[in-house]
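For reference, upload26.cif is printed below; it contains mmCIF, C-alpha atoms.
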data_target
loop_
_atom_site.group_PDB
_atom_site.id
_atom_site.type_symbol
_atom_site.label_atom_id
_atom_site.label_comp_id
_atom_site.auth_asym_id
_atom_site.auth_seq_id
_atom_site.Cartn_x
_atom_site.Cartn_y
_atom_site.Cartn_z
ATOM 1 C CA MET A 41 5.958 16.893 -17.290
ATOM 2 C CA VAL A 42 3.986 14.383 -15.192
ATOM 3 C CA PHE A 43 6.839 13.834 -12.724
ATOM 4 C CA ASP A 44 6.992 17.546 -11.873
ATOM 5 C CA GLU A 45 3.341 17.664 -10.814
ATOM 6 C CA HIS A 46 1.999 16.831 -7.366
ATOM 7 C CA ALA A 47 0.816 13.242 -7.232
ATOM 8 C CA PRO A 48 -2.900 13.232 -6.425
ATOM 9 C CA LEU A 49 -3.978 11.470 -3.255
ATOM 10 C CA LEU A 50 -6.659 8.844 -3.390
ATOM 11 C CA PRO A 51 -9.951 10.127 -1.970
ATOM 12 C CA HIS A 52 -10.190 9.723 1.826
ATOM 13 C CA ALA A 53 -6.435 8.996 2.242
ATOM 14 C CA LEU A 54 -5.791 11.406 5.127
ATOM 15 C CA LYS A 55 -8.998 10.511 6.975
ATOM 16 C CA VAL A 56 -8.483 6.751 6.647
ATOM 17 C CA LEU A 57 -4.810 6.788 7.670
ATOM 18 C CA ALA A 58 -5.542 9.022 10.668
ATOM 19 C CA GLU A 59 -8.405 6.751 11.737
ATOM 20 C CA LEU A 60 -6.295 3.594 11.400
ATOM 21 C CA ARG A 61 -3.544 5.197 13.513
ATOM 22 C CA SER A 62 -6.096 6.215 16.148
ATOM 23 C CA ARG A 63 -7.212 2.570 16.288
ATOM 24 C CA GLY A 64 -3.631 1.538 17.099
ATOM 25 C CA PHE A 65 -2.570 0.176 13.730
ATOM 26 C CA ARG A 66 1.136 0.375 12.846
ATOM 27 C CA LEU A 67 1.410 1.831 9.353
ATOM 28 C CA ALA A 68 4.119 1.560 6.739
ATOM 29 C CA LEU A 69 4.473 3.055 3.307
ATOM 30 C CA LEU A 70 6.382 0.841 0.896
ATOM 31 C CA THR A 71 6.609 2.441 -2.513
ATOM 32 C CA LYS A 72 8.665 1.837 -5.593
ATOM 33 C CA GLY A 73 10.305 4.262 -7.933
ATOM 34 C CA ASP A 74 12.999 6.880 -8.153
ATOM 35 C CA PRO A 75 13.969 7.720 -4.541
ATOM 36 C CA CYS A 76 14.241 11.505 -5.142
ATOM 37 C CA LEU A 77 10.888 11.671 -6.881
ATOM 38 C CA GLN A 78 9.148 9.444 -4.355
ATOM 39 C CA ARG A 79 10.576 11.339 -1.348
ATOM 40 C CA ARG A 80 9.337 14.609 -2.877
ATOM 41 C CA ARG A 81 5.883 13.141 -3.506
ATOM 42 C CA ILE A 82 5.664 11.746 0.029
ATOM 43 C CA GLU A 83 6.709 15.103 1.498
ATOM 44 C CA GLN A 84 4.223 17.006 -0.673
ATOM 45 C CA SER A 85 1.410 14.636 0.274
ATOM 46 C CA GLY A 86 1.550 15.611 3.950
ATOM 47 C CA LEU A 87 1.014 11.958 4.916
ATOM 48 C CA ALA A 88 4.528 10.990 6.047
ATOM 49 C CA ARG A 89 3.763 11.779 9.705
ATOM 50 C CA LEU A 90 1.104 9.064 9.731
ATOM 51 C CA PHE A 91 3.529 6.246 8.921
ATOM 52 C CA ASP A 92 5.815 4.407 11.327
ATOM 53 C CA VAL A 93 8.030 3.273 8.444
ATOM 54 C CA VAL A 94 8.555 4.774 4.983
ATOM 55 C CA GLU A 95 10.646 2.814 2.521
ATOM 56 C CA ILE A 96 11.325 3.370 -1.174
ATOM 57 C CA VAL A 97 12.487 0.420 -3.258
ATOM 58 C CA ASP A 98 13.264 -0.307 -6.902
ATOM 59 C CA ARG A 99 10.770 -3.171 -6.928
ATOM 60 C CA LYS A 100 8.383 -4.557 -4.342
ATOM 61 C CA THR A 101 9.286 -8.119 -3.472
ATOM 62 C CA PRO A 102 8.276 -10.525 -0.731
ATOM 63 C CA GLU A 103 11.661 -9.745 0.849
ATOM 64 C CA SER A 104 11.099 -5.979 0.837
ATOM 65 C CA ILE A 105 7.678 -6.517 2.414
ATOM 66 C CA MET A 106 9.188 -8.789 5.071
ATOM 67 C CA SER A 107 11.855 -6.154 5.799
ATOM 68 C CA VAL A 108 9.166 -3.543 6.485
ATOM 69 C CA LEU A 109 7.232 -5.975 8.669
ATOM 70 C CA ASP A 110 10.404 -6.737 10.645
ATOM 71 C CA ARG A 111 10.901 -3.009 11.252
ATOM 72 C CA LEU A 112 7.301 -2.751 12.458
ATOM 73 C CA GLY A 113 7.565 -5.874 14.600
ATOM 74 C CA VAL A 114 4.559 -7.429 12.851
ATOM 75 C CA GLU A 115 4.168 -11.017 11.665
ATOM 76 C CA PRO A 116 2.938 -11.496 8.074
ATOM 77 C CA ALA A 117 -0.167 -13.350 9.259
ATOM 78 C CA HIS A 118 -1.183 -10.250 11.257
ATOM 79 C CA ALA A 119 -0.510 -7.756 8.462
ATOM 80 C CA LEU A 120 -2.538 -6.300 5.640
ATOM 81 C CA SER A 121 -1.237 -4.562 2.557
ATOM 82 C CA VAL A 122 -3.154 -2.013 0.553
ATOM 83 C CA GLY A 123 -2.375 -1.277 -3.058
ATOM 84 C CA ASN A 124 -3.765 -0.528 -6.474
ATOM 85 C CA SER A 125 -1.542 -2.819 -8.540
ATOM 86 C CA ILE A 126 -1.969 -6.552 -8.763
ATOM 87 C CA ARG A 127 1.533 -6.922 -10.210
ATOM 88 C CA SER A 128 3.402 -4.669 -7.760
ATOM 89 C CA ASP A 129 1.235 -4.802 -4.628
ATOM 90 C CA VAL A 130 -1.004 -7.858 -4.470
ATOM 91 C CA LEU A 131 1.265 -10.598 -5.836
ATOM 92 C CA PRO A 132 4.341 -9.751 -3.705
ATOM 93 C CA SER A 133 2.095 -9.470 -0.630
ATOM 94 C CA LEU A 134 0.577 -12.892 -1.225
ATOM 95 C CA ALA A 135 4.067 -14.357 -1.672
ATOM 96 C CA ALA A 136 5.123 -12.792 1.654
ATOM 97 C CA GLY A 137 2.117 -14.284 3.466
ATOM 98 C CA VAL A 138 0.377 -10.914 3.869
ATOM 99 C CA ARG A 139 -3.341 -10.430 3.203
ATOM 100 C CA PRO A 140 -3.700 -7.888 0.367
ATOM 101 C CA ILE A 141 -6.458 -5.350 -0.051
ATOM 102 C CA TRP A 142 -6.735 -4.248 -3.667
ATOM 103 C CA ILE A 143 -8.149 -0.881 -4.667
ATOM 104 C CA ASP A 144 -9.096 -0.751 -8.325
ATOM 105 C CA ALA A 145 -7.664 2.707 -8.959
ATOM 106 C CA HIS A 146 -5.561 4.210 -11.732
ATOM 107 C CA VAL A 147 -2.219 2.539 -12.363
ATOM 108 C CA TRP A 148 0.308 2.718 -15.194
ATOM 109 C CA GLU A 149 -0.498 0.487 -18.176
ATOM 110 C CA PHE A 150 2.472 -1.747 -17.285
ATOM 111 C CA GLU A 151 0.702 -2.583 -14.036
ATOM 112 C CA ARG A 152 -2.612 -3.408 -15.732
ATOM 113 C CA GLU A 153 -1.375 -6.570 -17.454
ATOM 114 C CA GLN A 154 -2.467 -8.812 -14.604
ATOM 115 C CA GLU A 155 -5.725 -7.221 -13.601
ATOM 116 C CA GLU A 156 -7.620 -10.504 -13.508
ATOM 117 C CA LEU A 157 -6.930 -12.258 -10.221
ATOM 118 C CA ALA A 158 -9.256 -14.771 -8.642
ATOM 119 C CA ASP A 159 -7.880 -15.385 -5.171
ATOM 120 C CA LEU A 160 -10.074 -15.535 -2.094
ATOM 121 C CA ARG A 161 -7.245 -14.089 0.025
ATOM 122 C CA VAL A 162 -7.532 -10.773 -1.816
ATOM 123 C CA VAL A 163 -10.046 -8.259 -0.462
ATOM 124 C CA GLU A 164 -11.300 -5.726 -3.001
ATOM 125 C CA VAL A 165 -12.577 -2.305 -1.965
ATOM 126 C CA ASP A 166 -13.843 0.525 -4.147
ATOM 127 C CA ASP A 167 -11.851 3.208 -2.369
ATOM 128 C CA LEU A 168 -9.799 3.761 0.770
ATOM 129 C CA SER A 169 -12.828 4.444 2.958
ATOM 130 C CA GLY A 170 -13.743 0.777 2.456
ATOM 131 C CA LEU A 171 -10.788 -0.148 4.671
ATOM 132 C CA LEU A 172 -12.569 1.164 7.746
ATOM 133 C CA ASP A 173 -15.521 -1.172 7.238
ATOM 134 C CA ALA A 174 -13.787 -4.182 5.682
ATOM 135 C CA ARG A 175 -14.344 -7.410 7.564
ATOM 136 C CA ILE A 176 -11.008 -9.162 7.279
ATOM 137 C CA ALA A 177 -10.725 -12.712 8.574
ATOM 138 C CA PRO A 178 -7.353 -14.485 8.724
#

Here is a file; write its structure as structure tokens.
Amino acid sequence: MVFDEHAPLLPHALKVLAELRSRGFRLALLTKGDPCLQRRRIEQSGLARLFDVVEIVDRKTPESIMSVLDRLGVEPAHALSVGNSIRSDVLPSLAAGVRPIWIDAHVWEFEREQEELADLRVVEVDDLSGLLDARIAP
């Protein structure tokens, strides 16, 4: 069953997160889904130590994003979000006043319904390594 398997990491995930931390970025992981499953996946990934905040929610909302930012002590205008779903990552981030970075990677079909998004606030990268070179202006 798919939920019993290790969730694959996106290429460059460990390297990029470690580099961002070394540059002084505060990092949070906000993920949605079954808490037991998501905790197991986070633990198996080996990435939990790189995040200042890890939060699992039923649904990502502007309010859940703001809650994470409050815990980090970061204002929305100074935050970036990174995700692979326009529906679950990009749209709630925009509504919270956070600049989203969208990675066009595999998502569930449910998430693919809103793949067309023309918004100049959204930065698109091919993979996570693009975060290190992205020129993000407020």

Dump as a compact mmCIF listing (two decimals) with C-alpha atoms, in the frame of the given file all residues having an atom at most 7 Å from (-11.6, 6.0, -5.5), computed in the file's coordinates with only C-alpha atoms.
# COMPACT_ATOMS: atom_id res chain seq x y z
CA LEU A 50 -6.66 8.84 -3.39
CA PRO A 51 -9.95 10.13 -1.97
CA ALA A 145 -7.66 2.71 -8.96
CA ASP A 166 -13.84 0.52 -4.15
CA ASP A 167 -11.85 3.21 -2.37
CA LEU A 168 -9.80 3.76 0.77

Task: Explicit residue set for the PyMOL selection byres ((chain A and resi 96) around 10), as a list of chain:residue names - done: A:Leu69, A:Leu70, A:Thr71, A:Lys72, A:Gly73, A:Asp74, A:Pro75, A:Cys76, A:Gln78, A:Arg79, A:Val94, A:Glu95, A:Val97, A:Asp98, A:Arg99, A:Lys100, A:Ser104

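Distances here use all atoms listed in the file; by that measure, the residue among A:His52, A:Ala68, A:Phe91, A:Gln84 closest to Ala119 (chain A) is A:Ala68.
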
Task: CA of Arg61 (chain A) to CA of Ser107 (chain A), straight-line distance in Å - done: 20.6 Å

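Nearest-residue note for Val138 (chain A): choosing from A:Leu57, A:Leu112, A:Ile126, A:Met106, the minimum distance belongs to A:Met106, counting only C-alpha atoms.
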
Task: Evaluate the PyMOL selection byres ((chain A and resi 101) around 9) and report residues as an NGL selection string - done: :A and (99-100 or 102-106 or 128-129 or 131-133 or 135-136)

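CA of Asp144 (chain A) lies 13.0 Å from CA of Ser169 (chain A).
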
Task: Which residue of A:Pro48, A:Gly170, A:Gly86, A:Gly137 approaches Val114 (chain A) most closely, using all atoms listed in the file - done: A:Gly137

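The space between CA of Ile143 (chain A) and CA of Val165 (chain A) spans 5.4 Å.
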
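Residue nearest Gly113 (chain A), chosen from A:Arg127, A:Lys55, A:Arg66, A:Arg161 and counting only C-alpha atoms: A:Arg66.
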
TODO: For Val163 (chain A), please output as a ChimeraX atom specification all residues within 7 Å (counting all atoms listed in the file; exclusion window: fewer than 5 positions along the same chain).
DONE: /A:140-142
